[in-house]
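Next up, target11.txt (compact mmCIF, C-alpha atoms and all ligand atoms):
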# COMPACT_ATOMS: atom_id res chain seq x y z
CA MET A 1 122.65 90.59 79.12
CA GLU A 2 120.57 88.75 81.67
CA GLN A 3 116.88 89.44 81.43
CA ALA A 4 115.78 92.10 83.88
CA LYS A 5 113.91 90.74 86.90
CA ARG A 6 110.68 92.55 87.51
CA TYR A 7 107.61 92.43 89.74
CA GLU A 8 104.47 90.80 88.40
CA LEU A 9 100.80 91.29 89.12
CA PRO A 10 99.76 87.96 90.68
CA LYS A 11 96.72 86.11 89.40
CA LEU A 12 93.94 85.70 91.95
CA ALA A 13 93.13 82.21 93.22
CA TYR A 14 89.40 82.98 92.81
CA GLY A 15 87.12 84.79 90.38
CA TYR A 16 86.20 88.47 90.53
CA LYS A 17 82.60 87.55 91.34
CA ASP A 18 83.49 85.13 94.15
CA MET A 19 83.69 87.68 96.97
CA ALA A 20 80.22 89.19 96.57
CA PRO A 21 78.58 90.76 98.47
CA PHE A 22 81.65 91.46 100.62
CA LEU A 23 83.34 92.82 97.52
CA SER A 24 81.43 93.29 94.29
CA GLU A 25 82.89 92.19 90.97
CA GLU A 26 83.47 95.83 90.08
CA GLN A 27 85.18 96.64 93.39
CA LEU A 28 87.52 93.64 93.25
CA THR A 29 88.29 94.04 89.55
CA VAL A 30 89.19 97.72 89.83
CA HIS A 31 91.26 97.10 92.94
CA HIS A 32 93.28 94.27 91.40
CA THR A 33 93.60 95.26 87.75
CA LYS A 34 93.92 99.04 88.22
CA HIS A 35 95.23 99.90 91.68
CA HIS A 36 97.46 96.91 92.37
CA ALA A 37 98.63 96.84 88.76
CA ALA A 38 99.65 100.49 89.04
CA TYR A 39 101.93 99.71 92.01
CA VAL A 40 103.54 96.84 90.11
CA ASN A 41 104.11 99.03 87.05
CA SER A 42 105.47 101.92 89.12
CA ALA A 43 107.79 99.63 91.09
CA ASN A 44 109.17 98.26 87.82
CA ALA A 45 109.56 101.77 86.40
CA ILE A 46 111.77 102.64 89.38
CA LEU A 47 113.96 99.59 88.72
CA ASP A 48 114.20 100.67 85.07
CA LYS A 49 115.13 104.18 86.12
CA MET A 50 117.95 102.91 88.35
CA ASP A 51 119.21 100.56 85.63
CA LYS A 52 119.29 103.41 83.14
CA ALA A 53 121.06 105.77 85.54
CA ARG A 54 123.74 103.11 86.11
CA GLN A 55 124.17 102.50 82.39
CA ASP A 56 124.49 106.24 81.77
CA ASN A 57 126.51 106.78 84.95
CA ALA A 58 123.93 109.49 85.72
CA ASP A 59 122.86 110.94 89.07
CA LEU A 60 119.45 110.33 90.59
CA ASP A 61 117.46 112.20 93.23
CA TRP A 62 118.05 109.33 95.64
CA LYS A 63 115.82 110.65 98.40
CA ALA A 64 112.86 110.88 96.04
CA VAL A 65 113.62 107.54 94.39
CA MET A 66 113.93 105.70 97.71
CA LYS A 67 110.72 107.21 99.04
CA ASP A 68 108.82 106.26 95.90
CA MET A 69 110.35 102.78 95.86
CA SER A 70 109.30 102.08 99.45
CA PHE A 71 105.74 103.16 98.65
CA GLN A 72 105.34 101.29 95.35
CA ILE A 73 107.01 98.01 96.37
CA GLY A 74 105.26 98.14 99.75
CA GLY A 75 101.95 98.54 97.93
CA HIS A 76 102.68 95.60 95.66
CA ILE A 77 103.71 93.27 98.49
CA LEU A 78 100.82 94.15 100.80
CA HIS A 79 98.24 93.61 98.05
CA LYS A 80 99.82 90.27 97.18
CA PHE A 81 99.52 89.19 100.82
CA MET A 82 95.90 90.32 100.99
CA TRP A 83 94.65 88.53 97.86
CA GLU A 84 96.07 85.34 99.35
CA ASN A 85 94.56 85.81 102.81
CA LEU A 86 91.06 86.47 101.45
CA ALA A 87 88.62 83.61 101.04
CA PRO A 88 85.64 83.55 98.64
CA THR A 89 82.11 83.78 100.02
CA GLY A 90 81.36 80.76 102.25
CA LYS A 91 84.98 79.54 102.32
CA GLY A 92 86.36 81.53 105.26
CA GLY A 93 86.48 78.95 108.05
CA VAL A 94 87.93 79.57 111.51
CA PRO A 95 91.45 79.81 112.95
CA ALA A 96 92.87 76.42 113.89
CA GLY A 97 96.02 74.66 115.06
CA LYS A 98 99.11 76.68 115.92
CA LEU A 99 97.46 79.91 114.74
CA LEU A 100 94.52 79.48 117.11
CA GLU A 101 96.96 78.66 119.89
CA GLU A 102 99.23 81.68 119.29
CA LEU A 103 96.37 84.16 118.87
CA THR A 104 94.57 82.91 121.96
CA LYS A 105 97.78 82.98 124.00
CA GLU A 106 98.60 86.56 122.98
CA PHE A 107 95.19 88.21 122.76
CA GLY A 108 93.25 86.15 125.28
CA SER A 109 90.61 85.08 122.75
CA ILE A 110 89.88 85.19 119.03
CA GLU A 111 87.10 87.68 119.74
CA ARG A 112 89.57 90.01 121.45
CA PHE A 113 92.03 89.60 118.56
CA LYS A 114 89.33 90.49 116.03
CA LYS A 115 88.29 93.48 118.09
CA GLU A 116 91.86 94.81 118.23
CA PHE A 117 92.58 94.14 114.54
CA SER A 118 89.31 95.87 113.59
CA ALA A 119 90.19 98.87 115.76
CA VAL A 120 93.63 99.07 114.13
CA ALA A 121 91.96 98.92 110.70
CA GLY A 122 89.32 101.46 111.65
CA SER A 123 91.72 103.99 113.09
CA ALA A 124 94.31 104.04 110.29
CA GLU A 125 94.58 107.69 109.38
CA GLY A 126 93.79 108.36 105.73
CA SER A 127 95.06 105.43 103.67
CA GLY A 128 96.65 102.38 105.17
CA TRP A 129 96.60 98.80 106.31
CA ALA A 130 95.92 96.68 109.36
CA VAL A 131 98.58 93.98 109.58
CA LEU A 132 99.00 90.94 111.79
CA VAL A 133 102.65 90.01 112.03
CA TYR A 134 104.81 87.55 113.90
CA CYS A 135 107.85 88.87 115.77
CA LEU A 136 110.80 86.50 115.87
CA GLY A 137 112.37 88.61 118.63
CA THR A 138 109.58 88.05 121.14
CA HIS A 139 108.13 84.93 119.51
CA LYS A 140 104.61 86.26 119.41
CA PRO A 141 102.06 87.80 117.10
CA LEU A 142 101.71 91.58 116.99
CA LEU A 143 99.47 94.09 115.30
CA MET A 144 100.93 96.73 113.02
CA GLN A 145 99.18 99.72 111.47
CA VAL A 146 100.82 100.79 108.22
CA GLU A 147 100.03 104.23 106.83
CA LYS A 148 100.04 104.51 103.03
CA HIS A 149 101.96 101.31 102.07
CA ASN A 150 105.09 101.81 104.10
CA VAL A 151 104.89 104.37 106.91
CA ASN A 152 105.13 102.90 110.45
CA ALA A 153 106.09 99.50 109.04
CA ILE A 154 108.60 97.70 111.27
CA PRO A 155 111.44 95.92 109.41
CA GLY A 156 111.83 92.19 109.76
CA PHE A 157 108.39 91.37 111.07
CA ARG A 158 106.81 88.48 109.20
CA ILE A 159 103.37 89.10 107.76
CA LEU A 160 100.52 86.74 108.68
CA MET A 161 97.45 88.67 107.54
CA VAL A 162 96.66 92.08 106.07
CA LEU A 163 93.61 94.19 105.33
CA ASP A 164 93.67 97.16 102.98
CA VAL A 165 91.73 100.13 104.36
CA TRP A 166 92.48 102.56 101.56
CA GLU A 167 89.21 104.04 100.27
CA HIS A 168 89.95 102.42 96.88
CA ALA A 169 89.56 99.02 98.62
CA TYR A 170 85.92 99.54 99.63
CA TYR A 171 84.44 102.79 98.36
CA ILE A 172 82.47 101.38 95.41
CA ASP A 173 80.61 99.00 97.76
CA TYR A 174 80.63 100.76 101.13
CA LYS A 175 81.15 104.46 100.36
CA ASN A 176 82.46 106.02 103.59
CA LEU A 177 81.45 103.12 105.84
CA ARG A 178 84.85 101.56 106.50
CA ALA A 179 83.66 99.80 109.67
CA LYS A 180 81.07 97.81 107.70
CA TYR A 181 83.75 96.68 105.26
CA VAL A 182 86.05 95.64 108.13
CA GLU A 183 83.19 93.75 109.81
CA ALA A 184 82.40 91.87 106.58
CA PHE A 185 86.08 91.01 106.13
CA TRP A 186 85.88 88.55 109.03
CA ASN A 187 83.69 86.22 106.94
CA HIS A 188 86.36 86.26 104.22
CA VAL A 189 89.58 85.46 106.01
CA ASN A 190 91.40 82.47 104.57
CA TRP A 191 92.47 81.15 107.97
CA GLU A 192 94.17 78.16 106.39
CA ILE A 193 96.57 80.40 104.47
CA VAL A 194 97.19 82.56 107.54
CA GLY A 195 97.85 79.41 109.58
CA ASN A 196 100.20 78.08 106.92
CA ARG A 197 102.15 81.32 106.97
CA LEU A 198 102.63 80.99 110.72
CA GLU A 199 103.69 77.33 110.43
CA ALA A 200 106.28 78.29 107.79
CA ILE A 201 107.69 81.03 110.04
CA LEU A 202 107.90 78.74 113.05
CA LYS A 203 109.73 76.00 111.16
MN MN A 301 94.61 98.65 97.71
Let me see whether you can do it: turn the structure in this file into structure tokens.
Amino acid sequence: MEQAKRYELPKLAYGYKDMAPFLSEEQLTVHHTKHHAAYVNSANAILDKMDKARQDNADLDWKAVMKDMSFQIGGHILHKFMWENLAPTGKGGVPAGKLLEELTKEFGSIERFKKEFSAVAGSAEGSGWAVLVYCLGTHKPLLMQVEKHNVNAIPGFRILMVLDVWEHAYYIDYKNLRAKYVEAFWNHVNWEIVGNRLEAILK
């Protein structure tokens, strides 16, 4: 039988200490090796469960399985996007090229874009994400606020940049001060990666 295809916890392109003081070594390590890893493991467990049910020709509680699958795979994918769009301390840079052009055209200015993205991040109820996407229907960037890892997500939109605003993402370093974490994030955006994502979508 063909080997089962499963999700994998991606390696980070930087060290656990490289984000300080935006994210401490402890904060980043726990987030990646405990929280993200748990979503990967849970997503794979759901695939195993479906495989087994098919082998046994058994029934599943499909509503529960689908809900869990959306949450766990959504969590895995969003974390993977975020690790890539974060830059180590001092390596953040500024938006350039097509990305600068598209953001300026849509939001009026980069400052206005940052203000809106921060407000989306700050107002996510409970646990969630601020997401910058590109819509191929209107050919422009849009903001999306995802609750949990999946609620309010719009299908088909292509992800450019994400920020996790679950408490587990910042609580060790910032306690309840989410706004300070979001503010510090702006010095740690890997604009090159975000720009590359846009270029790939526009191709
Ligand atoms: Mn997280």
> Quick one, how far is atom CA of Gly75 of chain A from atom CA of Ser24 of chain A?
Replying inline: 21.5 Å
>> To check your reading of the model: which residues sit at most 9 Å from ligand MN 301 (chain A) when counting all atoms listed in the file? Write the answer as a ChimeraX atom specification.
In response: /A:31-32,35-36,75-76,78-79,128-129,149,163-170
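Counting all atoms listed in the file, the residue from A:Ala96, A:Val182, A:Ala13, A:Ala200 that sits nearest to Leu160 of chain A is A:Ala200.
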> Which residues come within 10 Å of Leu12 of chain A, counting all atoms listed in the file, excluding same-chain residues fewer than 2 positions away, as JSON, numbers by chain?
Replying inline: {"A": [9, 10, 14, 15, 16, 32, 80, 83, 84, 86]}
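Shown here are all protein and nucleic acid residues lying within 9 Å of (83.5, 99.4, 97.8), with all atoms listed in the file considered: Phe22, Leu23, Ser24, Glu26, Gln27, Leu28, Glu167, His168, Ala169, Tyr170, Tyr171, Ile172, Asp173, Tyr174, Lys175, Asn176 and Tyr181 of chain A.
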> What is the distance between atom CA of Thr104 of chain A and atom CA of Leu142 of chain A, in Å to one decimal?
Replying inline: 12.3 Å
> Hey, can you pull every residue with an atom no more than 12 Å from (88.4, 78.4, 102.1), using all atoms listed in the file, and send it as a count of residues only?
Replying inline: 24
> Within 8 Å of segment 4-7 of chain A, counting all atoms listed in the file, which residues qualify if same-chain residues fewer than 3 places away don't, as a ChimeraX atom specification?
Replying inline: /A:40-41,43-44,47
> So which residues touch Ala130 of chain A within 9 Å, counting all atoms listed in the file, skipping near sequence neighbours fewer than 6 positions away, as a list in words?
Replying inline: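 In the requested form, the answer reads Phe117, Ser118, Ala119, Val120, Ala121, Gly122, Ala124, Leu143, Met144, Gln145, Val146, Glu147, Met161, Val162, Leu163, Asp164 and Val165 of chain A.
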> atom CA of Leu132 of chain A to atom CA of Ile159 of chain A: how many Å, to one decimal?
Replying inline: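 Here the two named atoms are 6.2 Å from each other.
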May I have the residues within 8 Å of Leu103 of chain A as an mmCIF file with C-alpha atoms, in the coordinates of the input, using all atoms listed in the file and disregarding those fewer than 6 positions away in the same chain?
data_model
loop_
_atom_site.group_PDB
_atom_site.id
_atom_site.type_symbol
_atom_site.label_atom_id
_atom_site.label_comp_id
_atom_site.auth_asym_id
_atom_site.auth_seq_id
_atom_site.Cartn_x
_atom_site.Cartn_y
_atom_site.Cartn_z
ATOM 1 C CA SER A 109 90.610 85.080 122.750
ATOM 2 C CA ILE A 110 89.880 85.190 119.030
ATOM 3 C CA PHE A 113 92.030 89.600 118.560
ATOM 4 C CA PRO A 141 102.060 87.800 117.100
#
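Distance annotation: of A:Ser123, A:Met66, A:Arg158, A:Lys11, the residue with the minimal separation from Gly137 of chain A is A:Arg158; atom set is only C-alpha atoms.
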